[in-house]
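This is query-v5.txt (compact mmCIF, C-alpha atoms and all ligand atoms).
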# COMPACT_ATOMS: atom_id res chain seq x y z
CA MET A 1 0.00 0.00 0.00
CA ARG A 2 2.85 2.40 0.88
CA GLU A 3 4.51 1.69 -2.48
CA LEU A 4 1.21 2.26 -4.28
CA ILE A 5 0.77 5.70 -2.69
CA VAL A 6 4.32 6.63 -3.67
CA GLU A 7 3.72 5.46 -7.24
CA LEU A 8 0.36 7.25 -7.58
CA CYS A 9 1.72 10.51 -6.12
CA ARG A 10 4.52 10.43 -8.69
CA HIS A 11 2.01 9.78 -11.46
CA PHE A 12 -0.39 12.52 -10.31
CA TYR A 13 2.57 14.92 -10.12
CA THR A 14 3.21 14.38 -13.83
CA LEU A 15 -0.46 15.25 -14.49
CA GLY A 16 -0.06 18.55 -12.62
CA TRP A 17 -2.39 17.39 -9.84
CA CYS A 18 0.07 17.63 -6.95
CA THR A 19 2.84 20.06 -7.83
CA GLY A 20 4.23 22.53 -5.30
CA THR A 21 3.64 19.99 -2.47
CA GLY A 22 -0.17 20.28 -2.81
CA GLY A 23 -2.68 17.53 -3.51
CA GLY A 24 -2.30 13.85 -2.73
CA ILE A 25 -4.04 10.54 -2.22
CA SER A 26 -5.24 8.51 0.71
CA ILE A 27 -6.13 4.81 0.57
CA ARG A 28 -8.08 2.82 3.17
CA GLU A 29 -7.47 -0.83 4.01
CA GLY A 30 -10.05 -1.83 6.63
CA ASN A 31 -9.60 0.62 9.50
CA GLN A 32 -6.09 1.58 8.36
CA ILE A 33 -5.80 4.67 6.23
CA PHE A 34 -2.54 5.44 4.43
CA MET A 35 -1.65 9.09 3.76
CA ALA A 36 1.35 11.04 2.47
CA PRO A 37 2.87 13.66 4.83
CA SER A 38 2.10 17.38 4.67
CA GLY A 39 4.08 19.98 2.74
CA VAL A 40 6.51 17.64 1.02
CA GLN A 41 7.44 17.13 -2.63
CA LYS A 42 4.77 14.58 -3.50
CA GLU A 43 6.81 13.10 -6.38
CA ARG A 44 9.74 12.34 -4.03
CA ILE A 45 8.07 10.71 -1.00
CA LEU A 46 9.31 7.30 0.13
CA PRO A 47 7.25 4.33 1.38
CA GLU A 48 8.56 4.92 4.92
CA ASP A 49 7.28 8.53 4.87
CA ILE A 50 3.62 7.41 4.81
CA PHE A 51 1.37 7.90 7.85
CA VAL A 52 -1.25 5.35 8.89
CA VAL A 53 -4.32 6.69 10.73
CA ASP A 54 -7.68 5.22 11.77
CA LEU A 55 -11.13 6.47 10.74
CA ALA A 56 -11.20 8.82 13.74
CA GLY A 57 -7.92 10.41 12.61
CA ASN A 58 -5.72 8.87 15.34
CA VAL A 59 -2.19 8.21 14.10
CA LEU A 60 -1.50 4.45 14.18
CA GLU A 61 1.94 4.58 12.52
CA ALA A 62 4.11 7.68 12.03
CA PRO A 63 7.31 7.89 9.96
CA ALA A 64 10.63 7.60 11.83
CA ASN A 65 11.53 11.01 10.42
CA THR A 66 9.85 13.23 13.04
CA ARG A 67 10.06 16.32 10.83
CA LEU A 68 7.25 14.86 8.74
CA LYS A 69 3.75 16.00 9.69
CA LEU A 70 0.41 14.40 8.92
CA THR A 71 -1.23 15.99 5.87
CA ALA A 72 -3.59 18.92 6.46
CA CYS A 73 -6.00 17.11 4.10
CA SER A 74 -6.49 14.35 6.67
CA PRO A 75 -9.94 15.51 7.97
CA LEU A 76 -11.12 15.93 4.36
CA PHE A 77 -10.00 12.46 3.31
CA LEU A 78 -11.67 11.06 6.43
CA ALA A 79 -14.93 12.94 5.72
CA ALA A 80 -15.39 11.04 2.43
CA MET A 81 -14.40 7.75 4.07
CA ASN A 82 -16.68 8.17 7.09
CA HIS A 83 -19.73 9.59 5.28
CA ARG A 84 -19.48 7.79 1.94
CA ASP A 85 -17.54 4.66 2.80
CA ALA A 86 -14.83 5.70 0.34
CA GLY A 87 -11.90 3.30 -0.02
CA ALA A 88 -9.66 5.99 -1.50
CA VAL A 89 -9.71 9.76 -1.89
CA ILE A 90 -7.66 11.81 -4.36
CA HIS A 91 -6.99 15.50 -3.81
CA SER A 92 -5.95 17.32 -6.99
CA HIS A 93 -4.77 20.90 -7.56
CA SER A 94 -5.46 20.49 -11.28
CA ILE A 95 -5.52 23.88 -13.00
CA GLU A 96 -8.65 22.90 -14.96
CA ALA A 97 -10.52 22.04 -11.76
CA ALA A 98 -9.52 25.36 -10.19
CA VAL A 99 -10.52 27.36 -13.29
CA ALA A 100 -13.83 25.45 -13.52
CA THR A 101 -14.73 26.61 -9.99
CA LYS A 102 -14.41 30.22 -11.17
CA LEU A 103 -16.42 29.66 -14.34
CA TRP A 104 -19.15 27.68 -12.54
CA PRO A 105 -19.09 28.81 -8.89
CA GLU A 106 -22.62 27.46 -8.27
CA GLY A 107 -21.46 23.94 -9.12
CA PHE A 108 -20.08 22.25 -12.22
CA ARG A 109 -22.69 20.77 -14.58
CA ILE A 110 -22.21 18.94 -17.87
CA THR A 111 -24.10 16.48 -20.05
CA GLU A 112 -23.62 14.48 -23.28
CA VAL A 113 -19.89 13.94 -23.16
CA GLU A 114 -18.57 10.36 -23.48
CA MET A 115 -16.35 10.53 -20.37
CA ILE A 116 -19.42 11.07 -18.15
CA LYS A 117 -19.89 7.29 -18.40
CA GLY A 118 -16.79 6.77 -16.23
CA LEU A 119 -18.58 8.31 -13.25
CA ARG A 120 -20.54 6.12 -10.83
CA GLY A 121 -24.24 6.05 -11.66
CA TYR A 122 -24.06 8.31 -14.72
CA GLY A 123 -24.98 7.63 -18.34
CA TYR A 124 -24.21 9.71 -21.43
CA TYR A 125 -27.51 11.65 -21.29
CA ASP A 126 -27.38 12.34 -17.55
CA THR A 127 -26.27 15.69 -16.18
CA VAL A 128 -23.24 15.49 -13.92
CA HIS A 129 -23.29 17.90 -11.00
CA VAL A 130 -20.27 18.49 -8.77
CA PRO A 131 -20.74 20.93 -5.83
CA VAL A 132 -18.28 23.79 -5.24
CA ILE A 133 -17.40 25.01 -1.74
CA PRO A 134 -15.50 28.23 -0.89
CA ASN A 135 -11.79 27.95 -0.11
CA THR A 136 -10.35 28.72 3.34
CA ALA A 137 -6.92 30.01 4.40
CA HIS A 138 -6.12 26.64 6.00
CA GLU A 139 -6.98 23.33 4.38
CA CYS A 140 -8.24 21.77 7.64
CA ASP A 141 -10.93 24.50 7.90
CA LEU A 142 -12.62 23.02 4.83
CA ALA A 143 -13.76 19.95 6.77
CA ASP A 144 -17.18 21.26 7.89
CA SER A 145 -18.26 22.69 4.53
CA MET A 146 -16.94 19.64 2.71
CA THR A 147 -18.93 17.34 5.02
CA GLU A 148 -22.04 19.46 4.39
CA ALA A 149 -21.52 19.23 0.61
CA ILE A 150 -20.94 15.45 0.82
CA LEU A 151 -24.19 14.94 2.74
CA ALA A 152 -26.20 17.30 0.52
CA ASN A 153 -25.01 15.70 -2.75
CA PRO A 154 -25.22 11.91 -2.41
CA HIS A 155 -25.07 11.50 -6.22
CA SER A 156 -21.61 13.10 -6.40
CA ASP A 157 -18.34 11.36 -5.56
CA ALA A 158 -16.48 14.68 -5.62
CA VAL A 159 -16.42 18.14 -4.08
CA MET A 160 -14.67 21.06 -5.79
CA VAL A 161 -12.96 23.80 -3.79
CA GLU A 162 -13.02 27.33 -5.22
CA ASN A 163 -9.65 28.53 -6.61
CA HIS A 164 -8.07 25.40 -5.20
CA GLY A 165 -8.96 22.04 -6.75
CA ILE A 166 -11.04 18.98 -6.09
CA TYR A 167 -11.51 15.99 -3.77
CA VAL A 168 -12.65 12.82 -5.60
CA TRP A 169 -13.27 9.41 -4.08
CA GLY A 170 -14.32 5.88 -4.97
CA ARG A 171 -14.98 2.49 -3.35
CA ASP A 172 -11.30 1.65 -4.02
CA TRP A 173 -8.26 3.44 -5.45
CA GLN A 174 -8.99 2.24 -8.97
CA GLN A 175 -12.48 3.77 -8.98
CA ALA A 176 -11.21 6.96 -7.32
CA LYS A 177 -8.50 7.27 -10.01
CA THR A 178 -10.94 6.57 -12.86
CA GLN A 179 -13.42 9.14 -11.56
CA ALA A 180 -10.67 11.73 -10.95
CA GLU A 181 -9.43 11.24 -14.54
CA CYS A 182 -12.92 11.43 -16.03
CA LEU A 183 -13.77 14.58 -14.07
CA ASP A 184 -10.48 16.22 -15.01
CA TYR A 185 -11.20 15.42 -18.66
CA LEU A 186 -14.68 16.97 -18.30
CA PHE A 187 -13.20 20.13 -16.71
CA ARG A 188 -10.66 20.42 -19.55
CA TYR A 189 -13.41 19.83 -22.09
CA ALA A 190 -15.74 22.42 -20.53
CA VAL A 191 -13.02 25.05 -20.08
CA ARG A 192 -11.86 24.53 -23.70
CA MET A 193 -15.45 24.80 -25.00
CA HIS A 194 -15.88 27.98 -22.98
CA GLN A 195 -12.62 29.39 -24.39
CA VAL A 196 -13.66 28.80 -28.00
CA GLY A 197 -17.10 30.26 -27.33
CA LEU A 198 -19.16 27.06 -27.67
ZN ZN A 201 -5.20 21.37 -1.45
Here is a file; write its structure as structure tokens.
Amino acid sequence: MRELIVELCRHFYTLGWCTGTGGGISIREGNQIFMAPSGVQKERILPEDIFVVDLAGNVLEAPANTRLKLTACSPLFLAAMNHRDAGAVIHSHSIEAAVATKLWPEGFRITEVEMIKGLRGYGYYDTVHVPVIPNTAHECDLADSMTEAILANPHSDAVMVENHGIYVWGRDWQQAKTQAECLDYLFRYAVRMHQVGL
């Protein structure tokens, strides 16, 4: 699991989802949740740098390197796991996601694009809706509004954060990754369509 987080962080870095130490991924295995540390170069973390916490956020295993701190995203990852039984949560600082929150601050909506079919419960003719919450100065302060958005939008496996990015989850890391990729495609598609005036 530690190796998988390292590999996925490196991959998401190449996509521009976790540059500048932002973003990340958390994967749950039973009551053990694996998370990368806070404020580190996500493409350079090592398996031994990973924290393990429980669903209440208690640290079960901390890295030997005591300079490493648990990610500030921890309460947000746990919100999706506790309220939606998510097996994995991806946090992306994708530029398209951030721009989409400015273009559609009331929530992102799109229909009739092939990649919609990669999202849980959606067909080609359905309208995808992803809620947008306001950003806060500190990531941990997003926990309450993100929990509210999760509970108010049971059809959505994602919450966007204004001028910041997105949290996407799934029953396991594969579904979380698929949904994060499909949503990022849809943001790129919508932003491009907006740019060309369609
Ligand atoms: Zn963030």
- Task: Scan for residues within 12 Å of the point (-12.4, 16.4, 3.5) in the coordinates of the file, using all atoms listed in the file, and reply as a PyMOL selection string.
- Result: chain A and resi 25-26+57+71-84+86+88-91+133+139-151+157-161+166-169
Take the residues from that selection and put them in a file with C-alpha atoms, as a PDB file, keeping the file's coordinate frame.
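Now in result_38.pdb:
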ATOM      1  CA  ILE A  25      -4.040  10.540  -2.220  1.00  0.00           C
ATOM      2  CA  SER A  26      -5.240   8.510   0.710  1.00  0.00           C
ATOM      3  CA  GLY A  57      -7.920  10.410  12.610  1.00  0.00           C
ATOM      4  CA  THR A  71      -1.230  15.990   5.870  1.00  0.00           C
ATOM      5  CA  ALA A  72      -3.590  18.920   6.460  1.00  0.00           C
ATOM      6  CA  CYS A  73      -6.000  17.110   4.100  1.00  0.00           C
ATOM      7  CA  SER A  74      -6.490  14.350   6.670  1.00  0.00           C
ATOM      8  CA  PRO A  75      -9.940  15.510   7.970  1.00  0.00           C
ATOM      9  CA  LEU A  76     -11.120  15.930   4.360  1.00  0.00           C
ATOM     10  CA  PHE A  77     -10.000  12.460   3.310  1.00  0.00           C
ATOM     11  CA  LEU A  78     -11.670  11.060   6.430  1.00  0.00           C
ATOM     12  CA  ALA A  79     -14.930  12.940   5.720  1.00  0.00           C
ATOM     13  CA  ALA A  80     -15.390  11.040   2.430  1.00  0.00           C
ATOM     14  CA  MET A  81     -14.400   7.750   4.070  1.00  0.00           C
ATOM     15  CA  ASN A  82     -16.680   8.170   7.090  1.00  0.00           C
ATOM     16  CA  HIS A  83     -19.730   9.590   5.280  1.00  0.00           C
ATOM     17  CA  ARG A  84     -19.480   7.790   1.940  1.00  0.00           C
ATOM     18  CA  ALA A  86     -14.830   5.700   0.340  1.00  0.00           C
ATOM     19  CA  ALA A  88      -9.660   5.990  -1.500  1.00  0.00           C
ATOM     20  CA  VAL A  89      -9.710   9.760  -1.890  1.00  0.00           C
ATOM     21  CA  ILE A  90      -7.660  11.810  -4.360  1.00  0.00           C
ATOM     22  CA  HIS A  91      -6.990  15.500  -3.810  1.00  0.00           C
ATOM     23  CA  ILE A 133     -17.400  25.010  -1.740  1.00  0.00           C
ATOM     24  CA  GLU A 139      -6.980  23.330   4.380  1.00  0.00           C
ATOM     25  CA  CYS A 140      -8.240  21.770   7.640  1.00  0.00           C
ATOM     26  CA  ASP A 141     -10.930  24.500   7.900  1.00  0.00           C
ATOM     27  CA  LEU A 142     -12.620  23.020   4.830  1.00  0.00           C
ATOM     28  CA  ALA A 143     -13.760  19.950   6.770  1.00  0.00           C
ATOM     29  CA  ASP A 144     -17.180  21.260   7.890  1.00  0.00           C
ATOM     30  CA  SER A 145     -18.260  22.690   4.530  1.00  0.00           C
ATOM     31  CA  MET A 146     -16.940  19.640   2.710  1.00  0.00           C
ATOM     32  CA  THR A 147     -18.930  17.340   5.020  1.00  0.00           C
ATOM     33  CA  GLU A 148     -22.040  19.460   4.390  1.00  0.00           C
ATOM     34  CA  ALA A 149     -21.520  19.230   0.610  1.00  0.00           C
ATOM     35  CA  ILE A 150     -20.940  15.450   0.820  1.00  0.00           C
ATOM     36  CA  LEU A 151     -24.190  14.940   2.740  1.00  0.00           C
ATOM     37  CA  ASP A 157     -18.340  11.360  -5.560  1.00  0.00           C
ATOM     38  CA  ALA A 158     -16.480  14.680  -5.620  1.00  0.00           C
ATOM     39  CA  VAL A 159     -16.420  18.140  -4.080  1.00  0.00           C
ATOM     40  CA  MET A 160     -14.670  21.060  -5.790  1.00  0.00           C
ATOM     41  CA  VAL A 161     -12.960  23.800  -3.790  1.00  0.00           C
ATOM     42  CA  ILE A 166     -11.040  18.980  -6.090  1.00  0.00           C
ATOM     43  CA  TYR A 167     -11.510  15.990  -3.770  1.00  0.00           C
ATOM     44  CA  VAL A 168     -12.650  12.820  -5.600  1.00  0.00           C
ATOM     45  CA  TRP A 169     -13.270   9.410  -4.080  1.00  0.00           C
TER      46      TRP A 169
END
- Task: Between A:Ala176, A:Ile95, A:Ala62, A:Leu46, single out the one closest to ligand ZN 201 (chain A), counting only C-alpha atoms and all ligand atoms.
- Result: A:Ile95
- Env. residues ligand ZN 201 (chain A) / 7 Å / all atoms listed in the file / as JSON, numbers by chain: {"A": [22, 23, 91, 92, 93, 139, 164, 165]}
- Task: Can you work out which one of A:Cys182, A:Ala64, A:Val53, A:Ile45 has the shortest atom-to-atom distance to Ile27 in chain A, counting only C-alpha atoms?
- Result: A:Val53
- Note on the structure: What separates CA of Leu70 in chain A and CA of Thr136 in chain A is a distance of 18.8 Å
- Item | Between CA of Arg28 in chain A and CA of Asp172 in chain A - distance in Å to one decimal | 8.0 Å
- Query: For Val40 in chain A, which of A:Met115, A:Pro131, A:Ala56, A:Arg67 is the closest residue, counting all atoms listed in the file?
  - Reply: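 Answer, going by the shortest atom-to-atom distance: A:Arg67.
Neighbouring residues of Glu43 in chain A at 8 Å or closer, counting only C-alpha atoms and skipping chain neighbours under 3 positions away, are Val6, Cys9, Arg10, His11 and Tyr13 of chain A.
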Selection to disk with C-alpha atoms, as a JSON list (two decimals), keeping the file's coordinate frame:
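This is the output file result-v8.json:
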[["chain", "number", "residue", "atom", "x", "y", "z"],
["A", 6, "VAL", "CA", 4.32, 6.63, -3.67],
["A", 9, "CYS", "CA", 1.72, 10.51, -6.12],
["A", 10, "ARG", "CA", 4.52, 10.43, -8.69],
["A", 11, "HIS", "CA", 2.01, 9.78, -11.46],
["A", 13, "TYR", "CA", 2.57, 14.92, -10.12]]
- Could you tell me how far CA of Gly170 in chain A lies from CA of Ser156 in chain A, in Å and to one decimal? 10.4 Å
- Message: Given all atoms listed in the file as the basis, pick out the residue of A:Thr178, A:Thr19, A:Gln32, A:Ser38 nearest to Ile116 in chain A.
- Response: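 For Ile116 in chain A, the nearest of the candidates is A:Thr178.
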- Message: Given all atoms listed in the file as the basis, pick out the residue of A:Gly39, A:Pro105, A:Pro134, A:Gly24 nearest to Leu8 in chain A.
- Response: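 Of the candidates, the smallest distance to Leu8 in chain A is held by A:Gly24.
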- So which one's closest to Tyr185 in chain A, A:Lys117, A:Lys69, A:Lys102, A:Arg44? Using all atoms listed in the file, please. A:Lys117
Could you give me, as a Markdown table, a per-residue list for range 48-99 of chain A showing, wherever an atom lies at most 8 Å from an atom of range 188-192 of chain A, the closest pair of atoms and their distance in Å to one decimal, using only C-alpha atoms and sorting by chain then residue number from low to high?
| residue | atom | partner | partner_atom | distance |
| --- | --- | --- | --- | --- |
| A:Glu96 | CA | A:Arg188 | CA | 5.6 |
| A:Ala97 | CA | A:Arg188 | CA | 8.0 |
| A:Val99 | CA | A:Val191 | CA | 7.6 |
Mind completing range 128-146 of chain A with N, CA, C and O atoms? Output as a tab-separated table (two decimals), in the coordinates of the input, please?
chain	number	residue	atom	x	y	z
A	128	VAL	N	-24.14	15.60	-15.07
A	128	VAL	CA	-23.24	15.49	-13.92
A	128	VAL	C	-23.31	16.80	-13.15
A	128	VAL	O	-23.31	17.88	-13.75
A	129	HIS	N	-23.36	16.70	-11.83
A	129	HIS	CA	-23.29	17.90	-11.00
A	129	HIS	C	-22.26	17.68	-9.90
A	129	HIS	O	-22.36	16.71	-9.15
A	130	VAL	N	-21.28	18.56	-9.84
A	130	VAL	CA	-20.27	18.49	-8.77
A	130	VAL	C	-20.37	19.79	-7.97
A	130	VAL	O	-20.24	20.88	-8.53
A	131	PRO	N	-20.62	19.70	-6.64
A	131	PRO	CA	-20.74	20.93	-5.83
A	131	PRO	C	-19.40	21.65	-5.68
A	131	PRO	O	-18.34	21.02	-5.74
A	132	VAL	N	-19.48	22.97	-5.49
A	132	VAL	CA	-18.28	23.79	-5.24
A	132	VAL	C	-18.43	24.43	-3.87
A	132	VAL	O	-19.48	24.99	-3.55
A	133	ILE	N	-17.39	24.33	-3.04
A	133	ILE	CA	-17.40	25.01	-1.74
A	133	ILE	C	-16.33	26.10	-1.74
A	133	ILE	O	-15.36	26.00	-2.49
A	134	PRO	N	-16.50	27.16	-0.93
A	134	PRO	CA	-15.50	28.23	-0.89
A	134	PRO	C	-14.19	27.73	-0.26
A	134	PRO	O	-14.22	26.83	0.58
A	135	ASN	N	-13.09	28.31	-0.68
A	135	ASN	CA	-11.79	27.95	-0.11
A	135	ASN	C	-11.62	28.62	1.26
A	135	ASN	O	-12.34	29.57	1.59
A	136	THR	N	-10.68	28.11	2.04
A	136	THR	CA	-10.35	28.72	3.34
A	136	THR	C	-8.83	28.91	3.38
A	136	THR	O	-8.10	28.31	2.59
A	137	ALA	N	-8.36	29.75	4.31
A	137	ALA	CA	-6.92	30.01	4.40
A	137	ALA	C	-6.15	28.75	4.76
A	137	ALA	O	-5.03	28.54	4.32
A	138	HIS	N	-6.78	27.89	5.59
A	138	HIS	CA	-6.12	26.64	6.00
A	138	HIS	C	-6.96	25.46	5.56
A	138	HIS	O	-8.18	25.45	5.75
A	139	GLU	N	-6.27	24.48	4.97
A	139	GLU	CA	-6.98	23.33	4.38
A	139	GLU	C	-7.90	22.62	5.39
A	139	GLU	O	-9.01	22.24	5.06
A	140	CYS	N	-7.44	22.51	6.65
A	140	CYS	CA	-8.24	21.77	7.64
A	140	CYS	C	-9.59	22.44	7.91
A	140	CYS	O	-10.55	21.78	8.31
A	141	ASP	N	-9.67	23.78	7.66
A	141	ASP	CA	-10.93	24.50	7.90
A	141	ASP	C	-12.00	24.19	6.86
A	141	ASP	O	-13.12	24.67	6.97
A	142	LEU	N	-11.64	23.40	5.85
A	142	LEU	CA	-12.62	23.02	4.83
A	142	LEU	C	-13.50	21.85	5.30
A	142	LEU	O	-14.51	21.54	4.67
A	143	ALA	N	-13.11	21.22	6.39
A	143	ALA	CA	-13.76	19.95	6.77
A	143	ALA	C	-15.27	20.08	6.94
A	143	ALA	O	-16.03	19.25	6.43
A	144	ASP	N	-15.74	21.14	7.64
A	144	ASP	CA	-17.18	21.26	7.89
A	144	ASP	C	-17.97	21.48	6.60
A	144	ASP	O	-18.98	20.83	6.37
A	145	SER	N	-17.49	22.41	5.75
A	145	SER	CA	-18.26	22.69	4.53
A	145	SER	C	-18.16	21.52	3.56
A	145	SER	O	-19.11	21.23	2.83
A	146	MET	N	-17.04	20.81	3.58
A	146	MET	CA	-16.94	19.64	2.71
A	146	MET	C	-17.89	18.54	3.19
A	146	MET	O	-18.58	17.92	2.37
